[in-house]
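Report on the structure given below.
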Amino acid sequence: YQRRVHGVSLESTVLIGTEAGNVNRTNIKPINLIEGAAGKTGIKISLSDPVVFRYENHQGPTQQLHASPYHRNLFMTGSSDGSVKFFNVYETQRIHSVIPSSSIDSYIYDTKWSPVRPFVFACVSKDSYMYIFDLEESRIRPVATIQAGSEAQPVLSIEFNPTHKAFLATGDGKGHIRVFRLSHALSTPSGREMALLAAKAESKNEIWFKYTGLVL
């Protein structure tokens with residue numbers, strides 16, 4: 001995440017998810033750690049904590065973090081605790097979360113935003129399934145649940161095709177790749193989504209997901 005004013009970087013940070021379930025915003029600006037004159041003894045070393053903001057933790061390893069391509073302050077995380085959480089980059093607590101499956105094997109390994117539908121995202125799980133959500137249709141339930149792993153293998157990765165909008169691919173624990181074709185509804189922006197994007201571009205308040213109840 002980076003902001004610039006007149007070409008000067010005011011803030012340069014990285015969002016990081018950890019094996020302990022932490023979600024942190026860290027500073028990557030160069031810091032002068034050495035104080036004192038070169039060649040003199042007793043040079044003081046000053047180390048600073050790179051974490052500048054801590055978000056609500058997951059209860060298992062954070063497996064994936066993906067920034068929204070539509071809103072600079074929105075990102076989501078997927079975890080082995082089986083949940084997908086949505087955050088405003090400036091708020092410590094999640095603004096929304098979903099649990100795609102009640103299965104004990106529903107570790108979320110990967111989650112991605114659709115490149116063409118602002119309210120659509122997909123995630124894949126240890127239970128061998130892919131879950132596709134359309135937050136315009138439901139805030140908590142997937143609109144499609146598809147077995148994407150071969151021989152009940154965990155599905156480890158998912159990627160939307162940025163060029164051919166109707167396709168996405170998954171990769172499983174055996175190295176098999178499957179390609180799926182999305183429906184027209186899931187691969188074509190709705191009128192309400194486009195109106196919201198247009199309003200966002202003209203508004204300084206940048207209200208997001210107002211139709212689904214998620215507000216940034």
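Naming scheme: A, B, ... for chains in displayed order of the structure tokens; residues 1 onward per chain; ligands 1 onward as shown.
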With 10 Å as the cut-off and only C-alpha atoms counted, what is the closest atom pair between each nearby residue of range 48-122 of chain A and range 133-136 of chain A? Distances in Å to one decimal, ordered by chain and number, as CSV.
```
residue,atom,partner,partner_atom,distance
A:Val98,CA,A:Phe133,CA,9.6
A:Pro100,CA,A:Phe133,CA,8.9
A:Trp113,CA,A:Phe133,CA,9.7
A:Ser114,CA,A:Asp134,CA,9.8
A:Arg117,CA,A:Asp134,CA,8.6
A:Pro118,CA,A:Asp134,CA,9.0
A:Phe119,CA,A:Leu135,CA,5.2
A:Val120,CA,A:Asp134,CA,4.5
A:Phe121,CA,A:Phe133,CA,5.5
A:Ala122,CA,A:Phe133,CA,6.0
```
Among listed residues A:Val143, A:Ala20, A:Val124, A:Leu15, nearest Met76 in chain A (using only C-alpha atoms): A:Leu15
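In this comparison, which uses only C-alpha atoms, the residue of A:Ile132, A:Leu168, A:Ala195, A:Leu156 approaching Gln64 in chain A most closely is A:Leu156.
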With only C-alpha atoms as the counted atoms, please give the residues lying no more than 8 Å from Ile158 in chain A, apart from itself and same-chain residues fewer than 5 positions off, as a list in words.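 What passes the distance filter is Asp110, Thr111, Lys112, Ala122, Cys123, Val124, Leu168, Ala169, Thr170 and Gly171 of chain A.
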Taken to one decimal, the CA of Val14 in chain A-CA of Val89 in chain A distance is 10.8 Å
Give me, please, the distance in Å between CA of Val155 in chain A and CA of Thr188 in chain A, quoted to one decimal.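 CA of Thr188 in chain A lies at a distance of 25.5 Å from CA of Val155 in chain A.
Among the candidates A:Gln93, A:Gln153, A:Asn73, A:Ser128, the one nearest to Ser106 in chain A when counting only C-alpha atoms is A:Ser128.
Of the residues listed (A:Lys85, A:His66, A:Arg181, A:Arg25), A:Lys85 shows the shortest atom-to-atom separation from Arg139 in chain A; distances use only C-alpha atoms.
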Enter the distance from CA of Phe180 in chain A to CA of Ala148 in chain A, in Å, rounded to one decimal.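 Spanning CA of Phe180 in chain A to CA of Ala148 in chain A is a straight-line distance of 9.1 Å.
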What's the 12 Å shell around Phe87 in chain A, counting only C-alpha atoms, without same-chain residues fewer than 6 positions away, as a list in words?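 The neighbour list is Leu15, Val23, Asn24, Arg25, Arg54, Tyr55, Glu56, Asn57, Leu65, His66, Ala67, Ser68, His71, Arg72, Asn73, Leu74, Phe75, Met76, Thr77, Gly78, Gln93, Arg94, Ile95, His96, Ser97, Trp208, Leu214, Val215 and Leu216 of chain A.
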Near Ala152 in chain A, within 10 Å and counting only C-alpha atoms, which residues show up once chain neighbours fewer than 4 positions away are dropped, as a list in words? Lys126, Asp127, Ser128, Tyr129, Gln147, Ala148, Asp172, Gly173 and Lys174 of chain A
Residues as selected, N, CA, C and O atoms, written as a PDB file, in the first residue's frame, can you do that?
```
ATOM      1  N   LYS A 126      -9.062 -27.104   1.883  1.00  0.00           N
ATOM      2  CA  LYS A 126      -8.514 -28.444   2.106  1.00  0.00           C
ATOM      3  C   LYS A 126      -9.537 -29.525   1.832  1.00  0.00           C
ATOM      4  O   LYS A 126      -9.188 -30.668   1.511  1.00  0.00           O
ATOM      5  N   ASP A 127     -10.825 -29.187   1.934  1.00  0.00           N
ATOM      6  CA  ASP A 127     -11.880 -30.197   1.739  1.00  0.00           C
ATOM      7  C   ASP A 127     -12.134 -30.522   0.271  1.00  0.00           C
ATOM      8  O   ASP A 127     -13.090 -31.214  -0.059  1.00  0.00           O
ATOM      9  N   SER A 128     -11.266 -29.999  -0.629  1.00  0.00           N
ATOM     10  CA  SER A 128     -11.292 -30.299  -2.065  1.00  0.00           C
ATOM     11  C   SER A 128     -12.298 -29.451  -2.848  1.00  0.00           C
ATOM     12  O   SER A 128     -12.486 -29.676  -4.045  1.00  0.00           O
ATOM     13  N   TYR A 129     -12.900 -28.450  -2.203  1.00  0.00           N
ATOM     14  CA  TYR A 129     -13.922 -27.653  -2.877  1.00  0.00           C
ATOM     15  C   TYR A 129     -13.456 -26.226  -3.179  1.00  0.00           C
ATOM     16  O   TYR A 129     -12.579 -25.682  -2.501  1.00  0.00           O
ATOM     17  N   GLN A 147     -16.594 -29.201  -6.451  1.00  0.00           N
ATOM     18  CA  GLN A 147     -15.425 -30.019  -6.131  1.00  0.00           C
ATOM     19  C   GLN A 147     -14.370 -29.774  -7.195  1.00  0.00           C
ATOM     20  O   GLN A 147     -14.550 -30.111  -8.364  1.00  0.00           O
ATOM     21  N   ALA A 148     -13.251 -29.202  -6.762  1.00  0.00           N
ATOM     22  CA  ALA A 148     -12.205 -28.804  -7.710  1.00  0.00           C
ATOM     23  C   ALA A 148     -10.946 -29.640  -7.591  1.00  0.00           C
ATOM     24  O   ALA A 148     -10.076 -29.575  -8.456  1.00  0.00           O
ATOM     25  N   ASP A 172      -4.441 -28.352  -7.362  1.00  0.00           N
ATOM     26  CA  ASP A 172      -4.635 -29.160  -6.158  1.00  0.00           C
ATOM     27  C   ASP A 172      -3.347 -29.794  -5.660  1.00  0.00           C
ATOM     28  O   ASP A 172      -2.261 -29.574  -6.221  1.00  0.00           O
ATOM     29  N   GLY A 173      -3.472 -30.587  -4.593  1.00  0.00           N
ATOM     30  CA  GLY A 173      -2.313 -31.166  -3.940  1.00  0.00           C
ATOM     31  C   GLY A 173      -1.564 -32.190  -4.761  1.00  0.00           C
ATOM     32  O   GLY A 173      -0.433 -32.549  -4.407  1.00  0.00           O
ATOM     33  N   LYS A 174      -2.156 -32.695  -5.832  1.00  0.00           N
ATOM     34  CA  LYS A 174      -1.467 -33.628  -6.723  1.00  0.00           C
ATOM     35  C   LYS A 174      -0.857 -32.939  -7.929  1.00  0.00           C
ATOM     36  O   LYS A 174      -0.331 -33.594  -8.831  1.00  0.00           O
TER      37      LYS A 174
END
```
Please return as a ChimeraX atom specification: the residues of range 35-185 of chain A that backbone DSSP assigns to strand (DSSP E). /A:35,44-45,51-54,62-67,74-79,84-88,96-98,108-113,120-125,129-134,144-147,155-160,167-172,177-181
Using C-alpha atoms, can you export the residues from the last selection as a short mmCIF file (atom, residue, chain, number, x, y, z; two decimals), in the first residue's frame?
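The resulting again_3.cif:
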```cif
data_model
loop_
_atom_site.label_atom_id
_atom_site.label_comp_id
_atom_site.auth_asym_id
_atom_site.auth_seq_id
_atom_site.Cartn_x
_atom_site.Cartn_y
_atom_site.Cartn_z
CA GLU A 35 23.69 6.57 15.07
CA LYS A 44 24.48 3.03 18.94
CA ILE A 45 22.23 0.61 17.10
CA VAL A 51 4.74 -3.45 12.57
CA VAL A 52 2.77 -0.22 12.51
CA PHE A 53 -0.77 -1.66 12.65
CA ARG A 54 -2.21 -4.94 13.91
CA THR A 62 -3.16 -16.86 7.59
CA GLN A 63 -2.76 -18.58 4.23
CA GLN A 64 -3.65 -15.76 1.84
CA LEU A 65 -4.08 -12.00 1.73
CA HIS A 66 -5.48 -10.27 -1.35
CA ALA A 67 -6.05 -6.54 -1.89
CA LEU A 74 -10.15 -3.02 1.16
CA PHE A 75 -8.42 -6.40 1.50
CA MET A 76 -9.38 -9.91 2.49
CA THR A 77 -7.60 -12.78 4.19
CA GLY A 78 -8.07 -16.55 4.13
CA SER A 79 -7.01 -18.84 6.95
CA VAL A 84 -12.37 -15.40 5.02
CA LYS A 85 -12.21 -11.95 6.61
CA PHE A 86 -12.59 -8.51 5.05
CA PHE A 87 -10.73 -5.50 6.40
CA ASN A 88 -10.52 -1.77 5.91
CA HIS A 96 -17.19 -8.74 7.49
CA SER A 97 -16.35 -12.45 7.45
CA VAL A 98 -17.65 -15.65 5.90
CA ILE A 108 -8.90 -21.93 3.31
CA TYR A 109 -5.70 -22.08 1.26
CA ASP A 110 -6.31 -19.35 -1.29
CA THR A 111 -8.83 -16.60 -1.98
CA LYS A 112 -9.06 -14.13 -4.86
CA TRP A 113 -11.21 -11.23 -6.01
CA VAL A 120 -17.48 -11.60 -6.47
CA PHE A 121 -14.62 -13.58 -4.94
CA ALA A 122 -13.66 -17.24 -4.80
CA CYS A 123 -11.75 -19.38 -2.33
CA VAL A 124 -10.44 -22.94 -2.23
CA SER A 125 -10.08 -25.33 0.65
CA TYR A 129 -13.92 -27.65 -2.88
CA MET A 130 -13.99 -24.26 -4.51
CA TYR A 131 -16.48 -21.73 -3.14
CA ILE A 132 -17.67 -18.79 -5.23
CA PHE A 133 -19.37 -15.87 -3.50
CA ASP A 134 -21.44 -13.06 -4.92
CA ALA A 144 -21.55 -22.03 -6.13
CA THR A 145 -19.79 -24.93 -4.39
CA ILE A 146 -17.73 -27.07 -6.76
CA GLN A 147 -15.42 -30.02 -6.13
CA VAL A 155 -7.18 -27.36 -3.48
CA LEU A 156 -4.22 -25.08 -2.86
CA SER A 157 -4.56 -22.23 -5.34
CA ILE A 158 -7.07 -20.36 -7.46
CA GLU A 159 -6.70 -17.67 -10.11
CA PHE A 160 -9.15 -15.73 -12.24
CA PHE A 167 -12.50 -18.51 -16.82
CA LEU A 168 -10.74 -19.36 -13.59
CA ALA A 169 -8.31 -22.13 -12.70
CA THR A 170 -7.47 -24.15 -9.59
CA GLY A 171 -4.48 -26.23 -8.58
CA ASP A 172 -4.63 -29.16 -6.16
CA ILE A 177 -4.90 -27.90 -12.74
CA ARG A 178 -8.57 -27.52 -13.58
CA VAL A 179 -10.12 -24.72 -15.60
CA PHE A 180 -13.73 -23.66 -15.02
CA ARG A 181 -16.08 -21.47 -17.02
#
```
